[in-house]
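With compact mmCIF, C-alpha atoms inside, this is my_file28.txt:
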```
# COMPACT_ATOMS: atom_id res chain seq x y z
CA MET P 1385 13.70 18.21 -2.50
CA LYS P 1386 15.78 15.23 -3.65
CA CYS P 1387 14.39 12.09 -5.31
CA ASN P 1388 14.53 9.01 -3.06
CA PHE P 1389 15.48 6.82 -6.01
CA CYS P 1390 17.92 8.68 -8.25
CA GLY P 1391 18.97 11.58 -6.00
CA LYS P 1392 18.15 14.31 -8.54
CA ASP P 1393 16.17 17.41 -7.67
CA ILE P 1394 12.38 17.08 -7.78
CA ASN P 1395 10.32 19.98 -9.06
CA GLY P 1396 6.64 19.56 -8.27
CA SER P 1397 5.27 16.14 -7.41
CA LYS P 1398 7.34 13.98 -9.79
CA CYS P 1399 11.05 13.46 -10.56
CA SER P 1400 11.83 14.62 -14.10
CA VAL P 1401 14.67 12.07 -14.42
CA CYS P 1402 13.22 8.74 -13.19
CA GLY P 1403 9.51 9.61 -12.83
CA ALA P 1404 9.28 8.71 -9.15
CA ARG P 1405 6.71 10.59 -7.12
CA ALA P 1406 7.86 12.97 -4.42
CA PRO P 1407 7.56 11.55 -0.89
CA LEU P 1408 4.48 12.60 1.02
CA PRO P 1409 4.98 14.73 4.11
CA LYS P 1410 5.03 12.85 7.39
CA GLU P 1411 1.60 12.36 8.91
CA ASN P 1412 2.42 13.89 12.26
CA ASN P 1413 5.18 15.80 13.98
CA ASN P 1414 5.59 17.38 17.41
CA ASN P 1415 3.78 20.55 16.38
CA SER P 1416 0.57 19.17 14.89
CA GLU P 1417 -2.21 16.96 16.16
CA PRO P 1418 -3.79 14.12 14.23
CA THR P 1419 -6.82 14.96 12.10
CA LEU P 1420 -10.28 14.67 13.62
CA ALA P 1421 -10.87 11.49 11.58
CA LYS P 1422 -7.63 9.95 12.90
CA LYS P 1423 -8.55 10.90 16.48
CA ALA P 1424 -11.96 9.26 16.03
CA MET P 1425 -10.36 6.11 14.63
CA ASN P 1426 -7.83 5.96 17.49
CA PHE P 1427 -10.58 6.42 20.08
CA SER P 1428 -12.74 3.75 18.44
CA LYS P 1429 -9.89 1.23 18.54
CA SER P 1430 -9.22 2.10 22.18
CA ALA P 1431 -12.88 1.77 23.12
CA VAL P 1432 -13.06 -1.69 21.52
CA LYS P 1433 -9.95 -2.84 23.40
CA HIS P 1434 -11.36 -1.37 26.62
CA ALA P 1435 -14.64 -3.23 26.13
CA ALA P 1436 -12.80 -6.47 25.31
CA SER P 1437 -10.89 -6.12 28.57
CA GLY P 1438 -14.14 -6.02 30.51
CA PHE P 1439 -13.85 -2.24 30.95
CA LYS P 1440 -10.94 -2.66 33.34
CA SER P 1441 -9.23 0.40 34.72
CA VAL P 1442 -5.90 0.83 36.44
CA ASP P 1443 -5.53 1.88 40.05
CA GLU P 1444 -5.09 5.57 40.93
CA LYS P 1445 -1.34 5.23 41.48
CA THR P 1446 -0.79 3.68 38.03
CA GLN P 1447 -2.93 6.33 36.39
CA GLN P 1448 -0.99 9.09 38.15
CA ASN P 1449 2.34 7.53 37.13
CA ARG P 1450 1.15 7.41 33.51
CA MET P 1451 -0.01 11.05 33.68
CA ASP P 1452 3.33 12.13 35.14
CA ILE P 1453 5.11 10.50 32.20
CA CYS P 1454 2.73 12.15 29.72
CA LYS P 1455 3.19 15.60 31.24
CA LYS P 1456 6.96 15.37 30.63
CA CYS P 1457 6.54 14.20 27.01
CA GLU P 1458 7.13 16.38 23.94
CA TYR P 1459 3.67 15.35 22.64
CA TYR P 1460 1.79 16.55 25.74
CA GLU P 1461 -0.78 19.27 25.04
CA GLU P 1462 -1.39 21.08 28.31
CA ALA P 1463 -4.25 23.25 27.01
CA ASN P 1464 -6.64 20.29 26.69
CA ASN P 1465 -4.71 17.56 28.55
CA SER P 1466 -4.27 15.48 25.41
CA CYS P 1467 -1.59 13.71 23.40
CA LYS P 1468 -0.52 15.34 20.13
CA LYS P 1469 0.70 11.96 18.85
CA CYS P 1470 -2.56 10.00 19.06
CA GLY P 1471 -5.02 12.77 19.91
CA CYS P 1472 -6.40 11.00 22.99
CA PHE P 1473 -7.63 12.77 26.11
CA LEU P 1474 -5.14 11.62 28.71
CA GLN P 1475 -7.50 11.60 31.68
CA ILE P 1476 -9.32 8.74 29.92
CA LYS P 1477 -6.41 6.99 28.20
CA THR P 1478 -4.24 6.79 31.31
CA SER P 1479 -7.09 5.21 33.30
CA TRP P 1480 -7.85 2.34 30.89
CA ALA P 1481 -5.83 -0.82 31.59
CA SER P 1482 -5.93 -1.85 27.92
CA GLU P 1483 -4.22 1.33 26.72
CA ALA P 1484 -0.55 2.09 26.09
CA CYS P 1485 1.46 5.14 25.12
CA PRO P 1486 1.90 5.38 21.32
CA GLU P 1487 5.57 6.16 21.91
CA GLY P 1488 6.09 3.16 24.22
CA LYS P 1489 6.69 5.25 27.34
CA TRP P 1490 4.16 3.21 29.34
CA ALA P 1491 2.53 -0.12 28.53
CA ALA P 1492 -0.92 -1.63 28.71
CA GLU P 1493 -1.56 -4.09 31.49
CA GLU P 1494 -1.85 -7.64 30.21
CA MET P 1495 -5.31 -9.05 30.79
CA LYS P 1496 -7.46 -12.01 29.84
CA SER P 1497 -11.05 -11.69 28.74
CA LYS P 1498 -13.69 -14.31 29.59
CA GLY P 1499 -13.05 -16.02 26.23
CA GLY P 1500 -9.41 -16.67 27.09
CA ILE P 1501 -8.00 -14.32 24.48
CA ILE P 1502 -4.90 -12.57 25.71
CA LEU P 1503 -4.71 -8.92 24.77
CA PRO P 1504 -1.12 -8.14 23.76
CA ARG P 1505 1.05 -5.52 25.34
CA VAL P 1506 2.74 -2.95 23.16
CA SER P 1507 4.74 -5.34 21.01
CA SER P 1508 4.61 -7.18 17.73
CA GLN P 1509 4.26 -10.56 19.47
CA VAL P 1510 0.91 -12.18 18.65
CA LYS P 1511 -0.69 -14.58 21.11
CA THR P 1512 -3.51 -16.85 20.11
CA CYS P 1513 -6.46 -18.24 22.02
CA GLY P 1514 -5.64 -21.87 21.24
CA GLY P 1515 -8.87 -22.50 19.32
CA CYS P 1516 -7.00 -22.37 16.03
CA ASP P 1517 -4.26 -24.78 17.18
CA GLY P 1518 -1.92 -21.84 17.67
CA LYS P 1519 -1.81 -21.02 13.95
CA LYS P 1520 -1.50 -17.38 12.99
CA THR P 1521 -3.80 -16.36 10.19
```
Can the structure in the file be given as structure tokens, please?
Amino acid sequence: MKCNFCGKDINGSKCSVCGARAPLPKENNNNSEPTLAKKAMNFSKSAVKHAASGFKSVDEKTQQNRMDICKKCEYYEEANNSCKKCGCFLQIKTSWASEACPEGKWAAEEMKSKGGIILPRVSSQVKTCGGCDGKKT
């Protein structure tokens, strides 16, 4: 393995030339699922978004379209109908309007809760409720 900083060979966990630590292996690839803790965290976040949306679901056609996309994806796990990227069970994830594909292959439906907070689609754009004068904190 080569050092990211000086380009010299790294033996062990530290570069003998500049002292930089070896890069950690990537968290996930096509062949491995997230850890059980990561799956639980992902599901918890999804459940909170689903509750905030008023437990809204998509229609059957939208769910089927989402499932069709998932079944063609390199992260699809046919054995348990789940996603190897996020670890979610797709029968649930594809039915929740607040959910989106972690790879951006299908988006969440934009919705408003009773409090007027707009739940964002899959993007980095942040929308505010207006109660803070539109300031991002």
* To do: Measuring atom to atom with only C-alpha atoms, identify which of P:Ala1484, P:Val1442, P:Val1432, P:Ala1491 is nearest to Cys1470 of chain P.
  =>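 Nearest to Cys1470 of chain P: P:Ala1484.
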* **atom CA of Leu1474 of chain P to atom CA of Met1451 of chain P, distance in Å rounded to a single decimal** =>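 Computing the Euclidean distance for atom CA of Leu1474 of chain P and atom CA of Met1451 of chain P yields 7.2 Å.
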* **Interatomic distance (Å, one decimal) between atom CA of Lys1468 of chain P and atom CA of Ser1416 of chain P** => 6.6 Å
* Name the closest residue to Arg1450 of chain P among the candidates P:Ser1428, P:Ser1466, P:Ser1400, P:Thr1478; distances are taken between atoms, counting all atoms listed in the file. =>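 Comparing P:Ser1428, P:Ser1466, P:Ser1400, P:Thr1478 against Arg1450 of chain P, the winner is P:Thr1478.
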* **Residue nearest Thr1419 of chain P - candidates P:Cys1472, P:His1434, P:Lys1455, P:Ser1441, atoms counted: all atoms listed in the file** =>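 The closest residue to Thr1419 of chain P is P:Cys1472.
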* Which of these residues is nearest to Trp1480 of chain P, using all atoms listed in the file: P:Leu1420, P:Ala1463, P:Ala1431, P:Met1425? -> P:Ala1431
* To do: Return the single residue from P:Ser1479, P:Ser1437, P:Asn1464, P:Ser1430 that is closest to Asn1449 of chain P, with distances computed using all atoms listed in the file.
  =>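 Comparing P:Ser1479, P:Ser1437, P:Asn1464, P:Ser1430 against Asn1449 of chain P, the winner is P:Ser1479.
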* Asked: Which residue out of P:Lys1469, P:Glu1483, P:Gly1488, P:Glu1417 has the minimum interatomic distance to Gln1447 of chain P when only C-alpha atoms are used?
  -> P:Glu1483
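Picture a line from atom CA of Thr1446 of chain P to atom CA of Ser1482 of chain P; it runs 12.6 Å.
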